[in-house]
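**Q** For reference, the file upload.cif (mmCIF, C-alpha atoms) is included below:
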```
data_protein
#
loop_
_atom_site.group_PDB
_atom_site.id
_atom_site.type_symbol
_atom_site.label_atom_id
_atom_site.label_comp_id
_atom_site.auth_asym_id
_atom_site.auth_seq_id
_atom_site.Cartn_x
_atom_site.Cartn_y
_atom_site.Cartn_z
ATOM 1 C CA MET A 329 113.427 -24.121 67.475
ATOM 2 C CA THR A 330 114.684 -25.137 64.030
ATOM 3 C CA VAL A 331 116.826 -28.273 63.702
ATOM 4 C CA LEU A 332 119.290 -28.600 60.810
ATOM 5 C CA PRO A 333 120.170 -32.314 60.911
ATOM 6 C CA ALA A 334 122.385 -32.409 57.791
ATOM 7 C CA THR A 335 124.467 -29.440 58.920
ATOM 8 C CA ASP A 336 124.777 -30.655 62.515
ATOM 9 C CA LEU A 337 125.813 -34.154 61.419
ATOM 10 C CA TYR A 338 128.517 -32.777 59.188
ATOM 11 C CA LEU A 339 129.956 -30.181 61.587
ATOM 12 C CA MET A 340 129.701 -31.655 65.051
ATOM 13 C CA GLY A 341 131.830 -34.202 66.903
ATOM 14 C CA ARG A 342 135.012 -33.384 64.994
ATOM 15 C CA ASN A 343 137.111 -33.200 68.172
ATOM 16 C CA VAL A 344 137.014 -36.991 68.725
ATOM 17 C CA ASP A 345 138.372 -39.883 66.672
ATOM 18 C CA HIS A 346 136.053 -42.704 67.834
ATOM 19 C CA ALA A 347 132.555 -43.093 69.276
ATOM 20 C CA VAL A 348 131.753 -39.823 67.525
ATOM 21 C CA PRO A 349 128.710 -38.075 69.012
ATOM 22 C CA ARG A 350 126.180 -37.077 66.344
ATOM 23 C CA GLY A 351 125.063 -33.628 67.352
ATOM 24 C CA VAL A 352 121.467 -33.569 66.159
ATOM 25 C CA ALA A 353 118.898 -31.984 68.476
ATOM 26 C CA ASP A 354 116.037 -34.349 69.364
ATOM 27 C CA ALA A 355 113.169 -32.258 68.017
ATOM 28 C CA HIS A 356 110.595 -34.869 69.035
ATOM 29 C CA ALA A 357 111.692 -34.660 72.684
ATOM 30 C CA LEU A 358 111.192 -30.912 72.523
ATOM 31 C CA LEU A 359 107.761 -31.356 70.888
ATOM 32 C CA ALA A 360 106.787 -33.652 73.778
ATOM 33 C CA HIS A 361 107.605 -30.774 76.154
ATOM 34 C CA GLY A 362 105.477 -28.312 74.198
ATOM 35 C CA VAL A 363 108.254 -26.593 72.228
ATOM 36 C CA ASN A 364 107.307 -25.911 68.616
ATOM 37 C CA CYS A 365 110.039 -27.029 66.191
ATOM 38 C CA SER A 366 110.731 -27.119 62.481
ATOM 39 C CA LEU A 367 113.171 -29.158 60.403
ATOM 40 C CA SER A 368 115.254 -27.389 57.797
ATOM 41 C CA SER A 369 118.737 -27.094 56.350
ATOM 42 C CA ASN A 370 121.581 -24.676 56.061
ATOM 43 C CA SER A 371 122.474 -23.702 52.471
ATOM 44 C CA ILE A 372 123.018 -26.880 50.432
ATOM 45 C CA LEU A 373 126.418 -27.621 48.840
ATOM 46 C CA ASN A 374 128.328 -25.104 50.954
ATOM 47 C CA PRO A 375 131.250 -25.854 53.331
ATOM 48 C CA ALA A 376 128.932 -26.530 56.304
ATOM 49 C CA THR A 377 126.409 -28.682 54.394
ATOM 50 C CA PRO A 378 128.210 -30.170 51.389
ATOM 51 C CA PHE A 379 125.610 -32.833 50.523
ATOM 52 C CA GLY A 380 121.962 -32.648 49.533
ATOM 53 C CA ASP A 381 119.513 -31.691 46.815
ATOM 54 C CA CYS A 382 117.322 -29.101 48.591
ATOM 55 C CA SER A 383 114.643 -31.723 49.259
ATOM 56 C CA LEU A 384 113.160 -30.945 52.674
ATOM 57 C CA LEU A 385 111.584 -34.403 52.705
ATOM 58 C CA ARG A 386 115.124 -35.805 52.540
ATOM 59 C CA VAL A 387 115.986 -33.698 55.602
ATOM 60 C CA ALA A 388 112.831 -34.901 57.379
ATOM 61 C CA ASN A 389 113.801 -38.506 56.548
ATOM 62 C CA LEU A 390 117.319 -37.985 57.903
ATOM 63 C CA GLN A 391 116.090 -36.903 61.356
ATOM 64 C CA PRO A 392 114.489 -40.236 62.428
ATOM 65 C CA ASN A 393 117.424 -42.167 60.964
ATOM 66 C CA VAL A 394 119.818 -40.306 63.227
ATOM 67 C CA LEU A 395 117.588 -40.300 66.305
ATOM 68 C CA GLN A 396 117.071 -44.074 65.864
ATOM 69 C CA GLN A 397 113.828 -44.401 67.847
ATOM 70 C CA LEU A 398 111.348 -42.477 65.749
ATOM 71 C CA GLY A 399 109.911 -45.014 63.287
ATOM 72 C CA THR A 400 106.275 -44.796 64.412
ATOM 73 C CA PRO A 401 103.575 -43.255 62.186
ATOM 74 C CA GLU A 402 103.084 -40.514 64.778
ATOM 75 C CA ALA A 403 106.779 -39.612 64.757
ATOM 76 C CA LEU A 404 106.885 -39.594 60.938
ATOM 77 C CA ARG A 405 103.815 -37.375 60.922
ATOM 78 C CA ASP A 406 105.596 -35.004 63.318
ATOM 79 C CA CYS A 407 108.490 -34.863 60.811
ATOM 80 C CA PHE A 408 106.044 -33.888 58.040
ATOM 81 C CA ASP A 409 104.354 -31.296 60.246
ATOM 82 C CA MET A 410 107.758 -29.795 61.101
ATOM 83 C CA LEU A 411 108.174 -28.997 57.384
ATOM 84 C CA THR A 412 104.686 -27.579 57.000
ATOM 85 C CA GLU A 413 102.177 -26.542 59.660
ATOM 86 C CA ARG A 414 104.639 -26.266 62.556
ATOM 87 C CA TRP A 415 107.036 -24.337 60.310
ATOM 88 C CA SER A 416 104.266 -21.861 59.418
ATOM 89 C CA ARG A 417 103.528 -21.264 63.105
ATOM 90 C CA LEU A 418 107.212 -20.539 63.813
ATOM 91 C CA LEU A 419 107.064 -17.866 61.107
ATOM 92 C CA ASN A 420 103.703 -16.520 62.359
ATOM 93 C CA LEU A 421 102.144 -16.988 58.909
ATOM 94 C CA ARG A 422 98.452 -16.110 59.146
ATOM 95 C CA ASP A 423 97.066 -17.583 55.936
ATOM 96 C CA TYR A 424 99.162 -20.752 55.597
ATOM 97 C CA GLY A 425 97.553 -24.018 54.586
ATOM 98 C CA ILE A 426 95.069 -25.439 52.105
ATOM 99 C CA ALA A 427 91.871 -23.598 52.994
ATOM 100 C CA VAL A 428 89.381 -21.452 51.129
ATOM 101 C CA GLY A 429 90.629 -17.867 50.904
ATOM 102 C CA ASN A 430 94.313 -18.706 51.313
ATOM 103 C CA GLN A 431 96.911 -18.130 48.631
ATOM 104 C CA ALA A 432 96.963 -21.070 46.211
ATOM 105 C CA ASP A 433 100.466 -22.336 47.007
ATOM 106 C CA LEU A 434 100.233 -26.105 46.507
ATOM 107 C CA VAL A 435 102.723 -28.992 46.435
ATOM 108 C CA VAL A 436 101.538 -32.295 44.935
ATOM 109 C CA LEU A 437 103.539 -35.165 46.435
ATOM 110 C CA ASP A 438 103.603 -38.610 44.838
ATOM 111 C CA ALA A 439 102.728 -40.245 48.177
ATOM 112 C CA ILE A 440 99.868 -42.163 49.760
ATOM 113 C CA THR A 441 100.169 -40.403 53.131
ATOM 114 C CA PRO A 442 102.324 -37.708 54.756
ATOM 115 C CA GLU A 443 103.997 -40.479 56.764
ATOM 116 C CA ALA A 444 104.909 -42.328 53.549
ATOM 117 C CA ALA A 445 106.195 -39.099 52.005
ATOM 118 C CA VAL A 446 108.741 -38.830 54.846
ATOM 119 C CA ALA A 447 109.587 -42.541 55.049
ATOM 120 C CA GLU A 448 110.126 -42.883 51.282
ATOM 121 C CA ILE A 449 111.371 -39.351 50.396
ATOM 122 C CA ARG A 450 108.655 -39.085 47.734
ATOM 123 C CA PRO A 451 109.134 -36.502 44.964
ATOM 124 C CA SER A 452 107.126 -33.332 44.412
ATOM 125 C CA VAL A 453 105.422 -34.026 41.078
ATOM 126 C CA ALA A 454 103.904 -30.553 40.773
ATOM 127 C CA VAL A 455 104.176 -27.203 42.526
ATOM 128 C CA PHE A 456 101.779 -24.262 42.157
ATOM 129 C CA LYS A 457 102.537 -20.718 43.368
ATOM 130 C CA HIS A 458 99.632 -18.242 43.366
ATOM 131 C CA GLY A 459 97.733 -20.886 41.394
ATOM 132 C CA ARG A 460 100.312 -21.086 38.591
ATOM 133 C CA MET A 461 102.493 -24.139 38.016
ATOM 134 C CA THR A 462 106.151 -23.445 38.796
ATOM 135 C CA VAL A 463 107.474 -27.056 38.835
ATOM 136 C CA GLU A 464 106.387 -30.185 37.010
ATOM 137 C CA TRP A 465 108.359 -33.352 37.692
ATOM 138 C CA PRO A 466 106.550 -36.451 36.371
ATOM 139 C CA PRO A 467 107.436 -39.582 38.348
ATOM 140 C CA PRO A 468 109.309 -42.441 36.662
ATOM 141 C CA VAL A 469 107.058 -44.920 34.857
ATOM 142 C CA PRO A 470 107.926 -48.656 34.888
ATOM 143 C CA LEU A 471 107.728 -50.202 31.409
ATOM 144 C CA ARG A 472 105.153 -52.855 32.250
ATOM 145 C CA ASP A 473 105.333 -54.511 28.823
ATOM 146 C CA GLY A 474 109.008 -55.358 29.381
ATOM 147 C CA PRO A 475 112.238 -53.724 28.243
ATOM 148 C CA ARG A 476 111.984 -51.248 25.390
ATOM 149 C CA ALA A 477 114.275 -51.733 22.389
ATOM 150 C CA ASN A 478 117.103 -49.221 22.346
ATOM 151 C CA ASN A 479 116.876 -46.821 19.443
ATOM 152 C CA PRO A 480 119.825 -44.431 19.134
ATOM 153 C CA HIS A 481 117.997 -42.523 16.368
ATOM 154 C CA MET B 613 88.012 -21.446 37.836
ATOM 155 C CA ASP B 614 91.547 -20.575 36.699
ATOM 156 C CA LEU B 615 92.796 -23.965 37.911
ATOM 157 C CA VAL B 616 91.347 -27.095 39.504
ATOM 158 C CA VAL B 617 93.689 -29.597 41.161
ATOM 159 C CA ARG B 618 91.603 -32.771 41.155
ATOM 160 C CA ASN B 619 91.709 -35.919 43.273
ATOM 161 C CA ALA B 620 94.036 -34.508 45.915
ATOM 162 C CA ARG B 621 94.438 -36.175 49.290
ATOM 163 C CA LEU B 622 95.078 -33.347 51.734
ATOM 164 C CA ALA B 623 97.668 -33.940 54.454
ATOM 165 C CA ALA B 624 94.964 -33.922 57.131
ATOM 166 C CA ALA B 625 92.510 -36.150 55.221
ATOM 167 C CA LEU B 626 91.564 -39.734 55.936
ATOM 168 C CA PRO B 627 92.854 -42.447 53.566
ATOM 169 C CA GLY B 628 90.784 -42.509 50.375
ATOM 170 C CA GLU B 629 89.287 -39.071 51.009
ATOM 171 C CA LEU B 630 89.954 -37.094 47.828
ATOM 172 C CA VAL B 631 88.987 -33.502 47.092
ATOM 173 C CA ASP B 632 89.225 -31.025 44.241
ATOM 174 C CA ILE B 633 90.866 -27.646 44.907
ATOM 175 C CA GLY B 634 89.529 -24.736 42.834
ATOM 176 C CA VAL B 635 91.663 -21.617 42.336
ATOM 177 C CA VAL B 636 90.542 -18.132 41.267
ATOM 178 C CA ALA B 637 92.935 -15.178 40.954
ATOM 179 C CA GLY B 638 95.728 -16.965 42.829
ATOM 180 C CA ARG B 639 93.617 -17.893 45.842
ATOM 181 C CA ILE B 640 91.821 -21.057 46.862
ATOM 182 C CA ALA B 641 88.138 -20.561 46.053
ATOM 183 C CA ALA B 642 86.694 -24.019 46.768
ATOM 184 C CA ILE B 643 87.673 -27.359 48.297
ATOM 185 C CA GLU B 644 85.178 -30.167 47.777
ATOM 186 C CA PRO B 645 84.818 -33.625 46.227
ATOM 187 C CA ARG B 646 83.930 -33.650 42.509
ATOM 188 C CA LEU B 647 83.933 -29.862 42.163
ATOM 189 C CA ALA B 648 81.670 -28.853 39.284
ATOM 190 C CA ALA B 649 83.842 -26.305 37.501
ATOM 191 C CA GLU B 650 85.288 -25.529 34.090
ATOM 192 C CA GLY B 651 88.905 -24.639 33.472
ATOM 193 C CA ASN B 652 92.399 -26.088 33.430
ATOM 194 C CA SER B 653 92.467 -29.199 35.544
ATOM 195 C CA PHE B 654 95.500 -31.022 37.005
ATOM 196 C CA ASP B 655 94.827 -34.579 38.176
ATOM 197 C CA ALA B 656 96.898 -35.238 41.324
ATOM 198 C CA ALA B 657 96.024 -38.942 41.667
ATOM 199 C CA GLY B 658 97.390 -42.140 40.266
ATOM 200 C CA PRO B 659 99.720 -43.101 37.440
ATOM 201 C CA MET B 660 97.838 -40.937 34.932
ATOM 202 C CA ARG B 661 98.345 -37.717 36.899
ATOM 203 C CA GLY B 662 98.835 -34.552 34.901
ATOM 204 C CA TRP B 663 96.914 -31.912 32.971
ATOM 205 C CA ARG B 664 93.426 -32.678 31.707
#
```
Rewrite the structure of this file - the entire thing - as structure tokens.

**A**
Amino acid sequence: MTVLPATDLYLMGRNVDHAVPRGVADAHALLAHGVNCSLSSNSILNPATPFGDCSLLRVANLQPNVLQQLGTPEALRDCFDMLTERWSRLLNLRDYGIAVGNQADLVVLDAITPEAAVAEIRPSVAVFKHGRMTVEWPPPVPLRDGPRANNPH
Amino acid sequence: MDLVVRNARLAAALPGELVDIGVVAGRIAAIEPRLAAEGNSFDAAGPMRGWR
């Protein structure tokens, strides 16, 4: 099953004016019962999902915020896996993952761990498709020597 | 190698366990620490990450 937390939050519970139920499926409860799940989103910036930036890590971060009880490392790791390995199994991909012989599709995240990537919505600093860079997004660099003088020219 | 992504911590790795990922013809050809290989190299670790 694929959960779309941003879309469900925006669309559901519109028939009530207080104590609004937030209609997000508890993917972790389903995982505990052996159901494979992924986290994803409807099209971004359309009438059903008007907010977002196409970051799946942002979607994975939203899920434990809404479900309220999922702040453990294991639960955050499940969120990461529902974007990656669990997602690939739902699609029956045979050569998914970083292993010798597989297609060189790589995402470099600016994160210490997968759990931190979800908790902090870390950016993708580089993406490679078939071994060729398709995205480079250098992270912000603090100016450790203090503020830099403004120079309009 | 066509590309080596160096000092990568794979999602399944233990903390501090870094590997180099070698790519030939669009496929992963090697995954090992300190891969001895020539070619374009992208450093995935630390504040100095980028092409080498």

**Q** Measuring between only C-alpha atoms, which one of A:Ala444, A:Val348, A:Ala353, A:Ala376 shows the shortest distance to Glu402 of chain A?

**A**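 Using only C-alpha atoms, the shortest distance to Glu402 of chain A belongs to A:Ala444.
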
**Q** For chain B against chain A, with a cut-off of 10 Å and counting all atoms listed in the file, what is the closest atom pair and its distance in Å to one decimal for every residue that makes the cut, ordered by chain and number, as a tab-separated table?

**A**
```
residue	atom	partner	partner_atom	distance
B:Asp614	CA	A:Gly459	CA	7.8
B:Leu615	CA	A:Gly459	CA	6.8
B:Val616	CA	A:Gly459	CA	9.1
B:Val617	CA	A:Val436	CA	9.1
B:Ala620	CA	A:Val436	CA	7.9
B:Arg621	CA	A:Thr441	CA	8.1
B:Leu622	CA	A:Ile426	CA	7.9
B:Ala623	CA	A:Pro442	CA	6.0
B:Ala624	CA	A:Pro442	CA	8.6
B:Ala625	CA	A:Thr441	CA	9.0
B:Leu626	CA	A:Thr441	CA	9.1
B:Pro627	CA	A:Thr441	CA	7.6
B:Gly628	CA	A:Ile440	CA	9.1
B:Ile633	CA	A:Ile426	CA	8.6
B:Gly634	CA	A:Val428	CA	8.9
B:Val635	CA	A:Gly459	CA	6.2
B:Val636	CA	A:Gly459	CA	7.7
B:Ala637	CA	A:Gly459	CA	7.5
B:Gly638	CA	A:His458	CA	4.1
B:Arg639	CA	A:Gln431	CA	4.3
B:Ile640	CA	A:Val428	CA	4.9
B:Ala641	CA	A:Val428	CA	5.3
B:Ala642	CA	A:Val428	CA	5.7
B:Ile643	CA	A:Val428	CA	6.8
B:Phe654	CA	A:Ala454	CA	9.2
B:Asp655	CA	A:Val436	CA	9.8
B:Ala656	CA	A:Val436	CA	6.6
B:Ala657	CA	A:Asp438	CA	8.2
B:Gly658	CA	A:Asp438	CA	8.5
B:Pro659	CA	A:Val469	CA	8.0
B:Met660	CA	A:Pro466	CA	9.9
B:Arg661	CA	A:Pro466	CA	8.3
B:Gly662	CA	A:Pro466	CA	8.1
```

**Q** Evaluate the PyMOL selection byres ((chain A and resi 395) around 10) on the structure here and hand back the selected residues as a list of chain:residue names.

**A**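 That selection, the PyMOL selection byres ((chain A and resi 395) around 10), comes back as A:Pro333, A:Arg350, A:Val352, A:Ala353, A:Asp354, A:Ala355, A:His356, A:Leu390, A:Gln391, A:Pro392, A:Asn393, A:Val394, A:Gln396, A:Gln397, A:Leu398, A:Gly399.
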
**Q** To one decimal in Å, tell me the separation between atom CA of Thr335 of chain A and atom CA of Ser383 of chain A.

**A**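 Pair atom CA of Thr335 of chain A / atom CA of Ser383 of chain A returns 14.0 Å.
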
**Q** Take the PyMOL selection byres ((chain A and resi 370) around 7), apply it to the structure above, and return the hits as a list in words.

**A**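 That selection, the PyMOL selection byres ((chain A and resi 370) around 7), comes back as Leu332, Thr335, Ser369, Ser371, Ile372 and Thr377 of chain A.
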
**Q** Atom CA of Val387 of chain A and atom CA of Asp336 of chain A are how many Å apart?

**A**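 Rounded to one decimal, the two atoms are 11.6 Å apart.
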
**Q** Determine the residue set returned by the PyMOL selection byres ((chain B and resi 648) around 12) for the present structure, and present it as a PDB file with C-alpha atoms, keeping the file's coordinate frame.

**A**
```pdb
ATOM      1  CA  MET B 613      88.012 -21.446  37.836  1.00  0.00           C
ATOM      2  CA  VAL B 616      91.347 -27.095  39.504  1.00  0.00           C
ATOM      3  CA  ARG B 618      91.603 -32.771  41.155  1.00  0.00           C
ATOM      4  CA  VAL B 631      88.987 -33.502  47.092  1.00  0.00           C
ATOM      5  CA  ASP B 632      89.225 -31.025  44.241  1.00  0.00           C
ATOM      6  CA  ILE B 633      90.866 -27.646  44.907  1.00  0.00           C
ATOM      7  CA  GLY B 634      89.529 -24.736  42.834  1.00  0.00           C
ATOM      8  CA  ALA B 642      86.694 -24.019  46.768  1.00  0.00           C
ATOM      9  CA  ILE B 643      87.673 -27.359  48.297  1.00  0.00           C
ATOM     10  CA  GLU B 644      85.178 -30.167  47.777  1.00  0.00           C
ATOM     11  CA  PRO B 645      84.818 -33.625  46.227  1.00  0.00           C
ATOM     12  CA  ARG B 646      83.930 -33.650  42.509  1.00  0.00           C
ATOM     13  CA  LEU B 647      83.933 -29.862  42.163  1.00  0.00           C
ATOM     14  CA  ALA B 649      83.842 -26.305  37.501  1.00  0.00           C
ATOM     15  CA  GLU B 650      85.288 -25.529  34.090  1.00  0.00           C
ATOM     16  CA  GLY B 651      88.905 -24.639  33.472  1.00  0.00           C
ATOM     17  CA  SER B 653      92.467 -29.199  35.544  1.00  0.00           C
TER      18      SER B 653
END
```

**Q** Measure the distance from atom CA of Arg414 of chain A to atom CA of Ser368 of chain A in Å and round it to one decimal.

**A**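 Atom CA of Ser368 of chain A lies 11.7 Å from atom CA of Arg414 of chain A.
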